[in-house]
Each structure stands twice: as C-alpha cells, then as structure tokens.
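Asker: My questions all concern the structure below.
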Amino acid sequence: MTHLTIGQAPLTLKQLRAVLESPVTVGLTDAAWADVDKGAATVAAILAEGRTVYGINTGFGLLANTSIAPEDLETLQKNLVLSHACGVGPLLDDAVVRLLMVLKIASLSRGASGIRRETLETLIALINADVLPCIPSKGSVGASGDLAPLAHMSCVLIGVGEARLRGQTLSAEAALARVGLTPLTLGPKEGLALLNGTQCSTALALAGLFAAEATFAAAIAAGALSVDALKGSDAPFDARIHALRGQPGQIDVAARLRALMTGSAIRDSHRDDCSKVQDPYSLRCQPQVMGATLDVLRNAAATLEREANAVTDNPLVFIEDGDVISGGNFHAEPVAYAADQIAMCLCEIGNISERRTAILVDPKMSELPAFLVKESGLNSGFMIAQVTAAALVAENRMVAHPCVIDTVPTSANQEDHVSMATHGARRLLDMAENTATIVGIELLAAAQGLEFHRPLTSSPALEQVFSVVREAAAPYASDHYFAPDIARATDGVRAGRYRAFADNLLPSA
C-alpha cells in the first residue's frame, strides 16, 4: 500500500494518480504538525482576546455580520455542517472520495485553516482505515468551495450520514466505531475549514485528467497503427517539419509516432511505389492535432497540481503574525478552466480517432475490404462499430460546452459569481468513457486492417500494440456478437494498457 508523507514536498501528479488507483495511508511531517498546532493556537488567542472574526464567532455568507455568543460556537460549527449537507444525485466513486480526502488533508496540514490537531488526526485515521464518506455527486457550484460535498465528508467526522468501509455501506457512527473512533465535537472555525475548499472539484478534475491521459496514449498508438493499416506515409512525422513550427506538443507527438512506426515492413512495402500524394488530415495531421491536445493537457495538469497543494478555505490564518484574513481562495475558477480544457481535449481525441475508423471501413478510401471483413455484404463487419463511435463523438460534443461561463448567483447574491467547476469536472469521467470506447473501436479496426497485410509485419512497437488488441479480441472472421469485443478493447484503454506506448509524453508519468 502506498504511503504519503505530507509536508515534505508538494504532492505530485504521479502520487495523486496512485491515490486514485488504490487505498493509501497518510502521515504528516513534524513540521506540518507544528504548523497545525500554531494555526489552532491563533484561533484560540482570537477568542481569548474577545475579537470578532468571520467564520470563528460570526455567521456565514450573508449572515457574516451576525455575532455568535461563545457558548454557541460548537453548535455554530455543527449547524454549518448539517445545514450544508444538501448534496443530491448518485454517490461519488470511492476512489474520487479517497482523493478528495487526501487533498483536504494536504490543505489543512498547512496550518492556515486553524483546526486542531485532533480533528486532522481523525480525518487521517479515516483515510488510513479506508473509511470513505458517502458523498452525493451533485450540489456544488464551485464557490464558496465545494460546500455540499465537503459537508457530507465532514458529517461522518461528527457521526452523521453514511460511509463505506471495505465495500460495505454503514452508518457514520458504525463506521467510526468499527475502526475505533468516536464522533468529533468541532471547535471554532473547524466546520468552515472542512467545508470551504475546492477539493471535490479538484479530485474530479484530476480523475478526468488521468482518464484523458490513458485515452490520449491509446489514441497515439491507435493512430500509428491506423497509418500502417491504411498504408499511409510516415513522412508527415519528419522532425524537420515540426521544428519549423516549434510547438512543443507537436514536436513530441511527431517523435513518438516516428518511433512507433520505425521498422515497419508494411511501410517499406509501399515507400517507393505509392500512388497517393497525401493522406487525409486525420492521418497526416496527427502531430498538429494531438500535439496541441497534449499542450493543453499539460497546462491543465499544471493548474491542477498547483490546486492539489493549495490552501483554499476562508478565512485564512497566518501563523507568522496572527492575522486572520478573509479572501476568495475557495473560488474554483482555475479548476473550472482546467476541466473545460480537458473536456475539449477528450472531444478532439475522439473526433480524430473516429475519422480514422471511418477511413478504415470505407473501401473508397483504402485498399482494405469494405467494413474490414471478408465477404462483405453477407457480413457487415465494422459497419455499426463506426456508427457507435460517431454516436459517442456527438454525445461528447453536446456536453463539452464550457461550464466556467455559466455562473449563477447564490446565497442571496453574496456569492454572486461562481465557477461551476464541480459539474464541469464531473462530466469528464463520462466523456473519457466515451472517448475510450471510440479509441477502442479504432484499435480493433486498425488491428483488423493489419490482418489483410499479412505476412508483412508492422514495426516492433506496433506489433506490441497489435498484441494488446488481440488480447481483447480475436480477428474478425465473420459477423458475431460484437459488443463484448468493443467492451474489452475499451477496458484496455481505460486500464492504461497503452500508456507505455506514449507514457513519456504524459503529465503524470
């Protein structure tokens, strides 16, 4: 099991991907614990001095000008958590919840949230025991942070709601008792510190990023395989072309495509006597399209890595000088932009992949049999597989509308501009599933195309790609129940079976 020590260095994308993939344990450095203690002491000093500070002894949002009596401060924090637990819809996946909790621990560990050691210890104990709160997926607008989802996370700390333990759903109290914990009584500011922040939208966006990476790598492999299956040219991948433009992603993708195709006997068989002058754009312009996509994914990944290590609640406690300052770090605009960028990338990966599949099945565009099957007419072959890919492309386009521009004022206009980051990030997993299927279909089609060139072989690298495809499905000899082949090919894409063919390009490698 992976162990993360928080406080030594910023969490990396590779570490965050490991959190999403399997249970982890978490610990803090002594220095991080010291900062947590200083933050809690700052809050205690404010109360001892009788100062009025937002979030510590006031109401929230539009009610910020309402002072709260000292004897009601614990009730204030409990009421905040309970009242904000308004999530609806299907539950977030356990893996996303685990990542969300690790992000919240990392944020709280900086000492700028003012929570006590015992509160953070309880949250860490939940992660280490793999107790995962049941969090509805809908109800956040991405400012003031992911209030509803994080309220459901926080409810479990006080013994309210439900949690999952080793796949079993239990009441919060039962889950806590099962791992030797008791419900917390939240201290001043602690409910607000737990609820405020962008950890839900960031976890969802990271999950979407990692799914997009796996699909991107598979699409690079599929694109190269399709070029060989269609007896296309590798000349458009010449390094000199891409050096003249200077776009880094384009240069990197062209290099990867060249490496994948090097040594192909199929390519050598038509190098000197090819009647085609140029290949269609979906073959020829892969470095330009997928390179631009890679640049955008890298930029989104950098934004999300920074956000994963950020303190995003409000107000913030500055332990160096004892100040508590209200601001707006809870506003998830950076996450919203990153999610919208990833959505566009998923669309484009699917768009160009489906176009290559369309060429593979079209006898007017290649030397291959119609719909990639012998005795076409009697057999329909890949005819409807391409239709399925087209349907998924259309579905992705429909939901790729930018979410960040759809602000709706909330909280009696106190929170009058919000990011909509959370559902912008949540849609990415569905889009990634669609795109993985589109690419899975192309992989099946390209591998089938290679069958018609035997005994000629492709390059050593592409023969490895071919072997992974053949683990999912046998050659298409005649019409049969095709859906299981597509499902297995898609599972290979989603599981990262093709990451190795482009892993050096990916942000979380």
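Following the order of the structure tokens, chains are lettered A, B, ..., residues in each are numbered from 1, and ligands are numbered from 1.
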Find the residues near Ala343 of chain A: any atom within 10 Å, counting only C-alpha atoms, skip ones fewer than 5 places away on the same chain, and give them as a list of chain:residue names.

Answerer: A:Ala205, A:Gly208, A:Leu209, A:Ala212, A:Leu297, A:Tyr337, A:Ala338, A:Glu348, A:Asn396, A:Arg397, A:Val399, A:Ala400, A:His401, A:Pro402, A:Cys403, A:Gly424, A:Ala425, A:Arg427, A:Leu428, A:Leu429, A:Met431, A:Ala432

Asker: Based on the selection just made, write N, CA and C atoms of those residues as an mmCIF file, in the first residue's frame.

Answerer:
data_model
loop_
_atom_site.group_PDB
_atom_site.id
_atom_site.type_symbol
_atom_site.label_atom_id
_atom_site.label_comp_id
_atom_site.auth_asym_id
_atom_site.auth_seq_id
_atom_site.Cartn_x
_atom_site.Cartn_y
_atom_site.Cartn_z
ATOM 1 N N ALA A 205 -11.614 16.677 -11.312
ATOM 2 C CA ALA A 205 -10.837 17.113 -12.481
ATOM 3 C C ALA A 205 -9.579 16.274 -12.643
ATOM 4 N N GLY A 208 -10.541 13.045 -14.132
ATOM 5 C CA GLY A 208 -10.747 13.245 -15.564
ATOM 6 C C GLY A 208 -9.439 13.383 -16.317
ATOM 7 N N LEU A 209 -8.468 14.088 -15.720
ATOM 8 C CA LEU A 209 -7.155 14.236 -16.353
ATOM 9 C C LEU A 209 -6.481 12.886 -16.542
ATOM 10 N N ALA A 212 -8.099 10.976 -19.212
ATOM 11 C CA ALA A 212 -7.758 11.545 -20.510
ATOM 12 C C ALA A 212 -6.348 11.142 -20.930
ATOM 13 N N LEU A 297 -3.433 19.573 -22.318
ATOM 14 C CA LEU A 297 -3.478 18.653 -21.176
ATOM 15 C C LEU A 297 -2.360 18.972 -20.181
ATOM 16 N N TYR A 337 -11.620 26.193 -15.446
ATOM 17 C CA TYR A 337 -10.953 26.337 -16.741
ATOM 18 C C TYR A 337 -10.233 25.052 -17.124
ATOM 19 N N ALA A 338 -9.516 24.452 -16.174
ATOM 20 C CA ALA A 338 -8.795 23.208 -16.471
ATOM 21 C C ALA A 338 -9.750 22.103 -16.898
ATOM 22 N N GLU A 348 -11.598 16.224 -28.907
ATOM 23 C CA GLU A 348 -10.723 16.178 -30.076
ATOM 24 C C GLU A 348 -10.050 14.819 -30.254
ATOM 25 N N ASN A 396 -20.217 13.500 -26.840
ATOM 26 C CA ASN A 396 -19.160 14.294 -26.214
ATOM 27 C C ASN A 396 -19.254 15.764 -26.600
ATOM 28 N N ARG A 397 -19.518 16.015 -27.872
ATOM 29 C CA ARG A 397 -19.626 17.405 -28.314
ATOM 30 C C ARG A 397 -20.749 18.128 -27.578
ATOM 31 N N VAL A 399 -21.855 17.710 -24.555
ATOM 32 C CA VAL A 399 -21.605 18.033 -23.142
ATOM 33 C C VAL A 399 -20.293 18.786 -22.931
ATOM 34 N N ALA A 400 -19.603 19.128 -24.017
ATOM 35 C CA ALA A 400 -18.316 19.820 -23.889
ATOM 36 C C ALA A 400 -18.462 21.329 -23.778
ATOM 37 N N HIS A 401 -19.679 21.819 -23.780
ATOM 38 C CA HIS A 401 -19.911 23.261 -23.620
ATOM 39 C C HIS A 401 -19.164 23.775 -22.391
ATOM 40 N N PRO A 402 -18.464 24.889 -22.482
ATOM 41 C CA PRO A 402 -17.729 25.398 -21.313
ATOM 42 C C PRO A 402 -18.642 25.651 -20.122
ATOM 43 N N CYS A 403 -18.298 25.077 -18.995
ATOM 44 C CA CYS A 403 -19.095 25.261 -17.779
ATOM 45 C C CYS A 403 -18.706 26.530 -17.033
ATOM 46 N N GLY A 424 -18.497 20.709 -14.098
ATOM 47 C CA GLY A 424 -17.593 20.746 -15.238
ATOM 48 C C GLY A 424 -16.555 19.645 -15.162
ATOM 49 N N ALA A 425 -16.100 19.346 -13.958
ATOM 50 C CA ALA A 425 -15.135 18.266 -13.763
ATOM 51 C C ALA A 425 -15.814 16.901 -13.726
ATOM 52 N N ARG A 427 -18.341 15.739 -15.365
ATOM 53 C CA ARG A 427 -18.711 15.181 -16.677
ATOM 54 C C ARG A 427 -17.523 14.519 -17.369
ATOM 55 N N LEU A 428 -16.290 14.851 -16.924
ATOM 56 C CA LEU A 428 -15.114 14.355 -17.621
ATOM 57 C C LEU A 428 -15.026 12.835 -17.618
ATOM 58 N N LEU A 429 -15.461 12.199 -16.532
ATOM 59 C CA LEU A 429 -15.358 10.744 -16.467
ATOM 60 C C LEU A 429 -16.276 10.081 -17.486
ATOM 61 N N MET A 431 -17.251 11.533 -20.303
ATOM 62 C CA MET A 431 -16.647 11.847 -21.590
ATOM 63 C C MET A 431 -15.441 10.946 -21.864
ATOM 64 N N ALA A 432 -14.641 10.710 -20.832
ATOM 65 C CA ALA A 432 -13.478 9.838 -21.002
ATOM 66 C C ALA A 432 -13.901 8.410 -21.339
#

Asker: May I have the residues within 6 Å of segment 370-373 of chain A as a short mmCIF file (atom, residue, chain, number, x, y, z; two decimals) with C-alpha atoms, in the first residue's frame, using only C-alpha atoms and disregarding those fewer than 3 positions away in the same chain?

Answerer:
data_model
loop_
_atom_site.label_atom_id
_atom_site.label_comp_id
_atom_site.auth_asym_id
_atom_site.auth_seq_id
_atom_site.Cartn_x
_atom_site.Cartn_y
_atom_site.Cartn_z
CA VAL A 361 -14.05 0.86 -43.05
CA ASP A 362 -14.51 2.75 -46.34
CA PRO A 363 -13.27 0.81 -49.40
CA SER A 376 -18.83 -8.05 -47.08
CA GLY A 381 -18.17 -6.26 -40.25
CA PHE A 382 -17.26 -2.95 -38.62
CA MET A 383 -20.16 -1.01 -40.18
#

Asker: List as a PyMOL selection string the protein and nucleic acid residues near segment 265-270 of chain A, meaning an atom at most 7 Å away when only C-alpha atoms are counted, but skip any in the same chain fewer than 6 places from it.

Answerer: chain A and resi 228+231+456-459

Asker: Any chance you could export the current selection's C-alpha atoms as a compact mmCIF listing (two decimals), in the first residue's frame?

Answerer:
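This went into selection_33.txt:
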# COMPACT_ATOMS: atom_id res chain seq x y z
CA ASP A 228 0.24 1.40 -41.20
CA LYS A 231 -0.55 2.08 -45.98
CA LEU A 456 4.02 -8.47 -43.82
CA THR A 457 4.60 -7.21 -40.33
CA SER A 458 4.35 -3.77 -38.83
CA SER A 459 7.09 -2.23 -36.69

Asker: Quick one: distance from atom CA of Glu118 of chain A to atom CA of Leu184 of chain A in Å, one decimal?

Answerer: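 It comes out at 8.7 Å.
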
Asker: For atom CA of Gln15 of chain A and atom CA of Lys104 of chain A, determine how far apart the two atoms are, in Å to one decimal place.

Answerer: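 Atom CA of Lys104 of chain A lies 14.9 Å from atom CA of Gln15 of chain A.
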
Asker: Calculated over only C-alpha atoms, which of the candidates A:Ile486, A:Cys347, A:Val324, A:Ile127 has the smallest distance to Arg51 of chain A?

Answerer: A:Val324

Asker: Can you tell me which residues surround Leu392 of chain A at a distance of at most 9 Å, considering only C-alpha atoms, apart from same-chain residues fewer than 3 positions away, and format the answer as a list in words?

Answerer: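 Near Leu392 of chain A, the qualifying residues are Gly350, Val387, Thr388, Ala389, Glu395, Asn396, Arg397, Met431, Asn434, Thr435, Thr437 and Ile438 of chain A.
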
Asker: As a PyMOL selection string, please: every residue in segment 155-362 of chain A that a backbone DSSP assignment puts in strand (DSSP E or B).

Answerer: chain A and resi 162-165+168-171+316-318+323-325

Asker: May I have the residues within 10 Å of Glu21 of chain A as a list in words, using only C-alpha atoms and disregarding those fewer than 4 positions away in the same chain?

Answerer: Gln15, Leu16, Arg17, Ala95, Val96, Arg98, Leu99 and Ala207 of chain A

Asker: Taking N, CA, C and O atoms for each residue, export the selection above as a PDB file, in the first residue's frame.

Answerer:
ATOM      1  N   GLN A  15       1.828  10.831  -7.591  1.00  0.00           N
ATOM      2  CA  GLN A  15       1.314  10.420  -6.284  1.00  0.00           C
ATOM      3  C   GLN A  15      -0.200  10.505  -6.230  1.00  0.00           C
ATOM      4  O   GLN A  15      -0.872   9.617  -5.678  1.00  0.00           O
ATOM      5  N   LEU A  16      -0.755  11.553  -6.797  1.00  0.00           N
ATOM      6  CA  LEU A  16      -2.210  11.722  -6.784  1.00  0.00           C
ATOM      7  C   LEU A  16      -2.891  10.648  -7.616  1.00  0.00           C
ATOM      8  O   LEU A  16      -3.984  10.179  -7.258  1.00  0.00           O
ATOM      9  N   ARG A  17      -2.261  10.237  -8.703  1.00  0.00           N
ATOM     10  CA  ARG A  17      -2.819   9.139  -9.507  1.00  0.00           C
ATOM     11  C   ARG A  17      -2.807   7.843  -8.706  1.00  0.00           C
ATOM     12  O   ARG A  17      -3.748   7.045  -8.779  1.00  0.00           O
ATOM     13  N   ALA A  95     -13.045   5.961  -5.162  1.00  0.00           N
ATOM     14  CA  ALA A  95     -11.691   6.425  -5.471  1.00  0.00           C
ATOM     15  C   ALA A  95     -11.620   7.944  -5.491  1.00  0.00           C
ATOM     16  O   ALA A  95     -10.636   8.536  -5.018  1.00  0.00           O
ATOM     17  N   VAL A  96     -12.645   8.607  -6.015  1.00  0.00           N
ATOM     18  CA  VAL A  96     -12.675  10.065  -6.036  1.00  0.00           C
ATOM     19  C   VAL A  96     -12.782  10.602  -4.611  1.00  0.00           C
ATOM     20  O   VAL A  96     -12.128  11.592  -4.252  1.00  0.00           O
ATOM     21  N   ARG A  98     -11.673   9.158  -1.895  1.00  0.00           N
ATOM     22  CA  ARG A  98     -10.352   8.981  -1.279  1.00  0.00           C
ATOM     23  C   ARG A  98      -9.402  10.108  -1.691  1.00  0.00           C
ATOM     24  O   ARG A  98      -8.701  10.684  -0.849  1.00  0.00           O
ATOM     25  N   LEU A  99      -9.387  10.446  -2.981  1.00  0.00           N
ATOM     26  CA  LEU A  99      -8.523  11.525  -3.451  1.00  0.00           C
ATOM     27  C   LEU A  99      -8.956  12.860  -2.849  1.00  0.00           C
ATOM     28  O   LEU A  99      -8.109  13.668  -2.422  1.00  0.00           O
ATOM     29  N   ALA A 207      -9.255  13.146 -11.671  1.00  0.00           N
ATOM     30  CA  ALA A 207      -9.706  11.851 -12.191  1.00  0.00           C
ATOM     31  C   ALA A 207      -9.949  11.935 -13.692  1.00  0.00           C
ATOM     32  O   ALA A 207      -9.590  11.018 -14.452  1.00  0.00           O
TER      33      ALA A 207
END

Asker: Of the residues A:Ala446, A:Gly167, A:Val335, A:Phe482, which is the one nearest to Ser380 of chain A, using only C-alpha atoms?

Answerer: A:Phe482

Asker: Residues at most 6 Å from Ser113 of chain A, counting only C-alpha atoms, excluding those fewer than 6 positions away in the same chain, as a PDB file with C-alpha atoms, in the first residue's frame?

Answerer:
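Full text of part-v5.pdb as output:
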ATOM      1  CA  ALA A 193     -12.347  24.951   7.394  1.00  0.00           C
ATOM      2  CA  LEU A 316      -7.066  32.089   6.304  1.00  0.00           C
ATOM      3  CA  VAL A 317      -4.965  32.047   9.443  1.00  0.00           C
TER       4      VAL A 317
END

Asker: Could you give me the residues within segment 356-461 of chain A that DSSP places in helix (DSSP H, G or I), as number ranges by chain?

Answerer: A: 356-361, 370-372, 383-399, 421-451, 460-461

Asker: Which one of A:Leu157, A:Pro188, A:Arg116, A:Leu505 sits closest to Leu47 of chain A if you count only C-alpha atoms?

Answerer: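 Of the candidates, the smallest distance to Leu47 of chain A is held by A:Pro188.
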
Asker: Measuring between only C-alpha atoms, which one of A:Lys14, A:Arg356, A:Arg258, A:Arg117 shows the shortest distance to Ala390 of chain A?

Answerer: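 Selected residue with least distance to Ala390 of chain A: A:Arg356.
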